[in-house]
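Note sheet for the following structure.
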Amino acid sequence: MSGQSPAPIANNGITPLQQMVASCSGALLTSLFVTPLDVVKIRLQAQKKPFPKGKCFVYCNGLMDHLCVCENGNSKVWYKAPGHFNGTLDAFLKIVHREGIKSLWSGLPPTLVMAVPATVIYFTCYDQLCTALSVRMGSYSEEAPLLAGALARVGSATVISPLELIRTKMQSQKQSYRELSNCIRTAVKTEGWLSLWRGWGATLLRDVPFSAMYWYNYEKGKVWLCKRYSTKEPTFAITFVAGAVSGSIASIVTLPFDVVKTRRQIEMGELQSQSLSSRAACTTLSVMRRIVTENGFRGLFAGFIPRLIKVAPACAIMISTYEFGKAFFRQHNQDKLLGTLQASNT
């Protein structure tokens with residue numbers, strides 16, 4: 001008999017560590033597929049309206065949004081690279097031809113440092129919470145994904161929010177990672193501990209409803225598709241379609257919050273790049289009022305098609321890869337257990 005005890009198996013047949021590995025694999029694959037779309041979008045934006053000194057823009061790697069501050073006086077950075085593009089497809093082809101295929105993933109490595117851990121925390125927490133809540137909620141267990149999705153998003157956003165804020169400050173002030181502790185001390189000393197979570201409320205306003213609706217619709221859609229196609233276990237295609245549809249629904253409903261959050265995120269980033277206190281940034285409600293005043297209620301739904309094109313494939317790739325990884329580990333655990341039982345009977 002071995003002196004080591006096996007890792008505890010969760011109710012769904014896999015360990016928390018295996019859930020982490022599955023979500024990590026899904027996160028990496030999602031970022032590899034989705035990042036080129038955002039890189040091309042940013043290059044097209046920079047061509048139409050060049051980013052001035054200290055300007056901020058939002059970069060998405062398919063996992064989470066990151067605020068990027070334009071590097072002052074440096075025309076060699078990837079988002080300012082020269083080139084004239086006549087649309088999305090033309091931009092793809094010219095970037096690959098002139099700069100190499102690696103250019104489609106420009107800016108990805110620094111953002112993955114936070115995006116992958118955030119995704120791992122989020123998906124692992126969701127599965128653990130959903131399993132626990134399904135048992136405790138009894139006859140209301142069908143609503144467990146709704147609550148588990150909301151709670152998991154609150155947890156991951158709370159952990160990552162101060163790190164993302166510090167990353168933005170480091171980038172805008174040209175600091176290295178070695179100066180991270182000094183950056184934290186300065187922020188806490190001048191504005192207090194809560195300053196590290198500035199913008200957290202706006203993030204939750206968008207991400208928590210999105211997460212709750214996404215997981216509820218995904219679980220419902222997955223069950224419905226399994227019944228329709230008479231299969232006990234969801235296939236890769238079923239999870240892919242359920243993920244795309246549920247992601248699309250959630251992104252449409254929460255689009256106004258996304259517009260407000262993005263505007264506020266950029267305003268706060270530009271204040272930081274000018275070494276001004278981010279306390280001067282407007283509140284979420286005031287930003288929403290300003291958008292309605294300037295552009296009407298339609299302004300709250302700006303970018304509808306681009307967001308849908310970005311969110312739907314990202315959700316589909318992430319969840320289908322994650323479910324595939326869980327199915328792989330579940331089968332591996334079952335085969336291992338069966339082998340152990342057969343060995344003990346001989």
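Letters A, B, ... mark the chains of the structure tokens in the order given; residue numbers begin at 1 per chain; ligand numbers begin at 1, in order shown.
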
Residues near segment 114-123 of chain A, cut-off 9 Å, only C-alpha atoms, skip fewer than 3 positions along chain, as a PyMOL selection string: chain A and resi 19-24+27-28+61+63-66+110-111+126-128+149+152-157+159-160+163-164+322

Export of prior selection with N, CA and C atoms as a compact mmCIF listing (two decimals), in the first residue's frame:
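Written output follows (again31.txt):
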# COMPACT_ATOMS: atom_id res chain seq x y z
N GLN A 19 -9.69 20.12 -12.65
CA GLN A 19 -10.54 21.20 -13.14
C GLN A 19 -9.68 22.41 -13.52
N MET A 20 -8.67 22.69 -12.72
CA MET A 20 -7.77 23.81 -13.00
C MET A 20 -7.00 23.59 -14.30
N VAL A 21 -6.52 22.36 -14.50
CA VAL A 21 -5.77 22.05 -15.72
C VAL A 21 -6.67 22.18 -16.95
N ALA A 22 -7.91 21.69 -16.82
CA ALA A 22 -8.87 21.77 -17.93
C ALA A 22 -9.19 23.22 -18.27
N SER A 23 -9.41 24.05 -17.24
CA SER A 23 -9.73 25.46 -17.49
C SER A 23 -8.53 26.23 -18.02
N CYS A 24 -7.33 25.86 -17.57
CA CYS A 24 -6.11 26.49 -18.07
C CYS A 24 -5.92 26.19 -19.56
N ALA A 27 -8.40 28.21 -21.47
CA ALA A 27 -8.03 29.63 -21.49
C ALA A 27 -6.95 29.91 -22.53
N LEU A 28 -5.94 29.06 -22.59
CA LEU A 28 -4.85 29.25 -23.56
C LEU A 28 -5.36 29.12 -24.99
N ASN A 61 -8.09 39.54 -24.92
CA ASN A 61 -7.47 38.29 -25.40
C ASN A 61 -8.47 37.13 -25.38
N LEU A 63 -10.34 36.31 -22.92
CA LEU A 63 -10.58 35.88 -21.55
C LEU A 63 -11.04 37.03 -20.68
N MET A 64 -10.41 38.19 -20.82
CA MET A 64 -10.79 39.37 -20.08
C MET A 64 -10.25 40.61 -20.79
N ASP A 65 -10.83 41.77 -20.44
CA ASP A 65 -10.38 43.03 -21.03
C ASP A 65 -9.21 43.58 -20.24
N HIS A 66 -8.25 44.16 -20.96
CA HIS A 66 -7.09 44.77 -20.33
C HIS A 66 -6.93 46.18 -20.86
N PRO A 110 1.96 39.48 -21.86
CA PRO A 110 1.78 40.19 -20.58
C PRO A 110 0.38 40.07 -20.01
N THR A 111 -0.63 40.01 -20.87
CA THR A 111 -2.01 39.93 -20.36
C THR A 111 -2.36 38.55 -19.84
N TYR A 126 -16.65 28.03 -9.94
CA TYR A 126 -18.01 27.79 -10.41
C TYR A 126 -18.39 26.32 -10.24
N ASP A 127 -17.54 25.42 -10.69
CA ASP A 127 -17.86 23.99 -10.60
C ASP A 127 -18.02 23.54 -9.15
N GLN A 128 -17.11 24.00 -8.29
CA GLN A 128 -17.18 23.62 -6.88
C GLN A 128 -18.44 24.17 -6.22
N GLY A 149 -22.57 30.97 -10.70
CA GLY A 149 -21.91 31.81 -11.69
C GLY A 149 -21.66 33.21 -11.18
N ALA A 152 -18.91 33.05 -8.33
CA ALA A 152 -17.58 32.76 -8.88
C ALA A 152 -16.99 33.99 -9.55
N ARG A 153 -17.83 34.76 -10.24
CA ARG A 153 -17.34 35.98 -10.90
C ARG A 153 -16.94 37.04 -9.89
N VAL A 154 -17.70 37.17 -8.81
CA VAL A 154 -17.34 38.13 -7.76
C VAL A 154 -15.98 37.78 -7.18
N GLY A 155 -15.76 36.49 -6.93
CA GLY A 155 -14.48 36.05 -6.37
C GLY A 155 -13.30 36.32 -7.28
N SER A 156 -13.41 35.94 -8.55
CA SER A 156 -12.29 36.12 -9.47
C SER A 156 -12.03 37.60 -9.74
N ALA A 157 -13.09 38.42 -9.85
CA ALA A 157 -12.91 39.85 -10.10
C ALA A 157 -12.26 40.54 -8.90
N VAL A 159 -10.15 39.21 -6.77
CA VAL A 159 -8.73 38.84 -6.72
C VAL A 159 -7.92 39.57 -7.78
N ILE A 160 -8.46 39.68 -8.99
CA ILE A 160 -7.70 40.20 -10.12
C ILE A 160 -7.75 41.72 -10.24
N LEU A 163 -4.69 43.73 -9.15
CA LEU A 163 -3.52 43.39 -9.96
C LEU A 163 -3.58 44.05 -11.32
N GLU A 164 -4.77 44.11 -11.92
CA GLU A 164 -4.93 44.75 -13.22
C GLU A 164 -4.72 46.26 -13.10
N TYR A 322 -13.03 23.28 -22.08
CA TYR A 322 -13.08 22.98 -20.66
C TYR A 322 -13.85 21.68 -20.40

Coordinates-based distance that separates atom CA of Ser246 of chain A from atom CA of Leu225 of chain A (Å, one decimal): 12.8 Å

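Shortest separation to Tyr216 of chain A among A:Phe51, A:Val287, A:Thr235, A:Glu142 occurs at residue A:Glu142, atoms counted being only C-alpha atoms.
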
Secondary structure check, alpha helix (DSSP H) residues of segment 73-203 of chain A, as a ChimeraX atom specification: /A:88-99,108-136,144-172,180-191,200-203
